[in-house]
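Encoded as structure tokens, the structure appears first; notes follow it.
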Amino acid sequence: MSRAKRGSLLASRLAWSLLAAIAVAVLAYGSIHGNPNSDKARVAALDGLIKCPACQDLSIAQSNAPSAVALRHEVSGFVARGWSDGRIESWVTARYGAGALLVPTSAGGGEALYLLPVALVGLGVGGLGWYLWRRRPGAKAPAGGGSAA
Amino acid sequence: MNALLGQIGVALGLVSAAGGTIGLLIGLLRRSDALIRAASRAIFGLVAGVLLAVFAMEHALLTHDFSLSYVANNNARQTPLLYDITGMWSALQGSILLWALILTGYLAAMYRRFRHRVTDRLFATAGLVGMAIATYFFGLMAGPANPFLTVAGHPVSNGLGPNPLLQDNPLIAVHPVFLYLGYVGFTVPFAFAIAALVTGRLGEGWLVETRRWTVTAWAFLTVGIVMGAWWSYQVLGWGGFWAWDPVENAALLPWLCATAYLHSVMVQERRGLLRVWNLSLLIATYSLTILGTFLTRSGVIVSVHAFSDSGLGPVLIAFFGLVVAAGVGLIAWRGDRLHSPGSIDSPVSREGAFLVNNLLFAAFALVVLIGTVFPLFVQALSHQTISVGAPYFDAVTGPIGFALLFFMAVAPVLPWRSASAELLRHRLAIPAWLGVLVVVACVAGGVRGLTPLAAFGLAGVAAGSALRQLVLATISAHRSGAGAWRGIVGRANGGMVVHLGVVMVACGLAAATSFGHRSTVTLRPGHTAVVEGHTISFLSARHFTHPNDNGVVAAVVVDGDRIHPAISNFPGQEGIGTPGIDSSFFSGDLYVTIDAAPPGGRGPVTFGIVAQPMVMWLWIGGFTIGIGALLAAVPGRRRRGTEPASAGTVWSRRSPAGRPIAPEAEVESAPGVVLPVGSQR
């Protein structure tokens, strides 16, 4: 490798290192100095999680039905009184049933809902890896393969 | 009279489609060109039948012919003209008629486009599939979804009118039509895929034939989905645009598969790889349009969108099963002829990136499908009613969306076959710096939070990659004398315009979901409040009465701009809000609804206030995607194929005079051979 090319390569690596350092530093600053998880954000998340009792498939955040508005006020009150998210969710399911949350609880197959796609995607990735490994350049042709040629 | 005309139209369409199907089948089995040619003329009967049926339905709606049950249930004398016309697709039976109209339009366009190849086995088989599908939909209208049934006894003096949500916004005139143009448009590539499997002509020819049909259908579906989001935003009164509602998901599923296909098909065209995958994606796309119709129209899933339920469920799910079984069975049957001749040389290559992109789209579709049908399975297995909503979908699709954005940033700079680290460093330098500059500017502007900053940064890199490609293509086109405009047309360049639209949508989504705020304020007329940093003055409110609704409309000034939120009462449905929206490209929208108003509009009014930053980027991004898809459908500059390609891509095949062989002038005898028309039968 010529000296000029080595110099160019070094400059390129330095520029990329600088870029990565700036990106990490700025992202870290923007994340660490962000707004803390305020009560307002918690209320918004809970409002999005709780189903409107009078609606078909809307959360209380998405509905202006009187029952949804009343429940929004209840949730705001609970958060102001220092209740945890888990306690508020338990209160909701105790009052309206397991279907009152827009994410199923364990009893409603909540774990399966998350594990099923993970398992299927894992199978897909495994299958892709196997395919790429079988089809890699230089891999032996499968038994009987290519005989027609 | 309207009922009779409509019944005649449906019967004519059904007989034509069934006759065409049987004639084409016998003609293909007997290898009779004359019979195939004769059976293909059934398309004229199909067109005449559907036009007659549509004319009868529209005439019935416009003249308020309440002797028709459909008109009595979905129209009223006070319904405004626009909603009289759109009443045809405001409920189940009429929307099947719209489906049949669009399907017939696509089939007619297909026969027109391939009119010189009617007896070609590939096209004749695709026509057979199209006719069979038309038979099914006309059969639905002749049987369980008949839009021309008459009421028993004397007709009512006035009808019920359309669903209030369907007579509150002019987007009803275009959103369902665009969605259906997308859904039904996939019939053409699906028919060709099945034809390729049946005839054994499994090379790349049929892909080239159907490329623009697929892009067109995808563009319609994309714009239709964005219009739906815009409509939700304007009408539903909560400041959101996507609720992961089952019906929204039903539109998203085929879109995801089709988007994956539009990427992976390039790998097959250029390298001859992923044949089984591409066929599977097309069959999945079409199957999911049918599954979506089943979810929307059968009543199995409750949804704010499910405007009709019916007994159509078993018929639709049976058709879905038939499509899936036929597709999978044919792929299994032709499995030995679908082996790719080459392999992916390196994961760090354009085809490697497309493969990962496809896996991500497939994973996205999978989690959406699982989340949508999960409540059905739990109810069937444990008789327990559960709900799966936005928190689940946001949690599982968010990381996939980030990964897709990353690959959208990197893939355009990757060459085919393999890429060196040096090449990547060189090509990604400007996009990467652009991404970092975006993050620095955001942080300097006060944006906080890892998720939105990472999204904006990746969007910056993706935009840089797309712009780099467009600039290079434009310079290259200009230097070659082809005209600089050639740098933005064609699949690759139009695709980059689409990417820019997706970047805008991604930024809009990240901002609206990370920084949206909701609050309420109660004001008396003449009073002012500051909410979320915006000055809101309530001027006045008045009661209004229209022929089909009544309610209260307020005059509100937000940061100097006057808006008019309203709340309406329709017969049978009260309290439908129409927000007033003060829009700004950078600072975002302030979305004001009337949450509670005194009777007559006198006294204090409670306003719902939703601050949505950058939400306008969603609509502009959607529009840009539509423009990009149009540009992608325009023929671009010919590219040299990447060797080795399995079937000699059309780009690498040259006639003896050195001119590229036009795609439509080719048929394939078998994988690996492309022959001119007429040389092989």
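Going by the structure tokens order, chains are called A, B, ..., each with residues numbered from 1, while ligands are numbered from 1 in the order shown.
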Check: which chain A residues lie within 8 Å of chain B using only C-alpha atoms, as an MDAnalysis selection string: chainID A and resid 9 12 16 19 22:23 26:28 30:35 48:49 56:58 61:64 98:104 108:109 113 117 121 124:125 132 135:137
Near Thr520 of chain B, within 9 Å and counting only C-alpha atoms, which residues show up once chain neighbours fewer than 6 positions away are dropped, as a list of chain:residue names? B:Val531, B:Asp595, B:Thr606, B:Phe607, B:Gly608, B:Ile609, B:Val610
For Gly161 of chain B, work out the shell of residues within 10 Å, counting only C-alpha atoms and skipping chain neighbours fewer than 4 positions away, then give it as an mmCIF file with N, CA and C atoms, in the first residue's frame.
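The result, written out as part-v3.cif:
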```
data_model
loop_
_atom_site.group_PDB
_atom_site.id
_atom_site.type_symbol
_atom_site.label_atom_id
_atom_site.label_comp_id
_atom_site.auth_asym_id
_atom_site.auth_seq_id
_atom_site.Cartn_x
_atom_site.Cartn_y
_atom_site.Cartn_z
ATOM 1 N N VAL B 71 -80.279 1.091 -0.236
ATOM 2 C CA VAL B 71 -80.477 2.549 -0.251
ATOM 3 C C VAL B 71 -81.246 2.979 1.002
ATOM 4 N N ALA B 72 -82.252 2.208 1.382
ATOM 5 C CA ALA B 72 -83.034 2.557 2.575
ATOM 6 C C ALA B 72 -82.161 2.563 3.831
ATOM 7 N N ASN B 73 -81.151 1.701 3.864
ATOM 8 C CA ASN B 73 -80.305 1.597 5.057
ATOM 9 C C ASN B 73 -79.122 2.556 5.044
ATOM 10 N N ASN B 74 -78.762 3.079 3.873
ATOM 11 C CA ASN B 74 -77.531 3.867 3.784
ATOM 12 C C ASN B 74 -77.700 5.200 3.082
ATOM 13 N N ASN B 75 -78.927 5.660 2.950
ATOM 14 C CA ASN B 75 -79.164 6.934 2.289
ATOM 15 C C ASN B 75 -80.410 7.560 2.902
ATOM 16 N N ALA B 76 -80.465 8.885 2.838
ATOM 17 C CA ALA B 76 -81.655 9.597 3.313
ATOM 18 C C ALA B 76 -81.874 10.794 2.402
ATOM 19 N N ARG B 77 -83.082 11.333 2.418
ATOM 20 C CA ARG B 77 -83.382 12.450 1.509
ATOM 21 C C ARG B 77 -82.496 13.656 1.817
ATOM 22 N N GLN B 78 -82.111 13.831 3.085
ATOM 23 C CA GLN B 78 -81.311 15.000 3.464
ATOM 24 C C GLN B 78 -79.808 14.756 3.296
ATOM 25 N N THR B 79 -79.424 13.567 2.841
ATOM 26 C CA THR B 79 -77.996 13.292 2.662
ATOM 27 C C THR B 79 -77.432 14.194 1.558
ATOM 28 N N TYR B 83 -72.305 12.640 -0.452
ATOM 29 C CA TYR B 83 -72.463 11.404 0.326
ATOM 30 C C TYR B 83 -73.535 10.491 -0.261
ATOM 31 N N ASP B 84 -74.410 11.068 -1.142
ATOM 32 C CA ASP B 84 -75.268 10.202 -1.951
ATOM 33 C C ASP B 84 -74.396 9.320 -2.847
ATOM 34 N N GLY B 87 -72.252 6.848 -1.048
ATOM 35 C CA GLY B 87 -73.049 5.833 -0.354
ATOM 36 C C GLY B 87 -72.830 4.448 -0.931
ATOM 37 N N SER B 90 -70.452 2.780 1.320
ATOM 38 C CA SER B 90 -70.605 3.057 2.752
ATOM 39 C C SER B 90 -71.022 1.834 3.551
ATOM 40 N N LEU B 166 -69.317 8.564 8.155
ATOM 41 C CA LEU B 166 -69.087 8.484 6.720
ATOM 42 C C LEU B 166 -69.774 9.620 5.979
ATOM 43 N N GLN B 167 -70.300 10.595 6.685
ATOM 44 C CA GLN B 167 -70.872 11.754 6.005
ATOM 45 C C GLN B 167 -70.389 13.029 6.681
ATOM 46 N N ASN B 548 -78.804 17.221 7.777
ATOM 47 C CA ASN B 548 -78.561 15.882 8.318
ATOM 48 C C ASN B 548 -77.935 15.880 9.711
ATOM 49 N N PHE B 570 -75.883 13.520 14.964
ATOM 50 C CA PHE B 570 -76.566 12.938 13.813
ATOM 51 C C PHE B 570 -77.702 12.074 14.337
ATOM 52 N N PRO B 571 -78.686 11.768 13.489
ATOM 53 C CA PRO B 571 -79.739 10.866 13.950
ATOM 54 C C PRO B 571 -79.123 9.536 14.390
#
```
For the alpha helix (DSSP H) assignment from backbone DSSP, which residues of chain A qualify? Please present them as a ChimeraX atom specification. /A:3-32,39-49,66-80,85-96,110-134
What lies within 8 Å of Val79 of chain A using only C-alpha atoms, ignoring chain neighbours under 6 positions off, as a count of residues only? 3
Check chain A with DSSP on the backbone and list each residue it calls strand (DSSP E or B), as a list in words. Ile50, Lys51, Ser59 and Leu101 of chain A
Please, could you write that set of residues out with N, CA and C atoms as a JSON list (two decimals), in the first residue's frame?
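The resulting file, part19.json, is reproduced below:
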```json
[["chain", "number", "residue", "atom", "x", "y", "z"],
["A", 50, "ILE", "N", -55.35, 1.88, 29.15],
["A", 50, "ILE", "CA", -56.66, 1.49, 29.70],
["A", 50, "ILE", "C", -57.74, 1.66, 28.64],
["A", 51, "LYS", "N", -58.52, 0.61, 28.48],
["A", 51, "LYS", "CA", -59.56, 0.62, 27.45],
["A", 51, "LYS", "C", -60.76, 1.43, 27.92],
["A", 59, "SER", "N", -58.78, 3.41, 23.58],
["A", 59, "SER", "CA", -58.29, 3.63, 24.94],
["A", 59, "SER", "C", -59.01, 4.86, 25.51],
["A", 101, "LEU", "N", -57.57, -3.75, 30.00],
["A", 101, "LEU", "CA", -56.27, -3.21, 29.59],
["A", 101, "LEU", "C", -56.02, -3.60, 28.13]]
```
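A straight line drawn from atom CA of Thr187 of chain B to atom CA of Gly130 of chain B is 7.0 Å long.
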What lies within 12 Å of Thr289 of chain B using only C-alpha atoms, ignoring chain neighbours under 5 positions off, as a PyMOL selection string? chain B and resi 99+179-187+190+217+221+247-258+282-284+294-296+316-317+319-320+323-324
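Atom CA of Asp582 of chain B is positioned 6.9 Å from atom CA of Asp561 of chain B.
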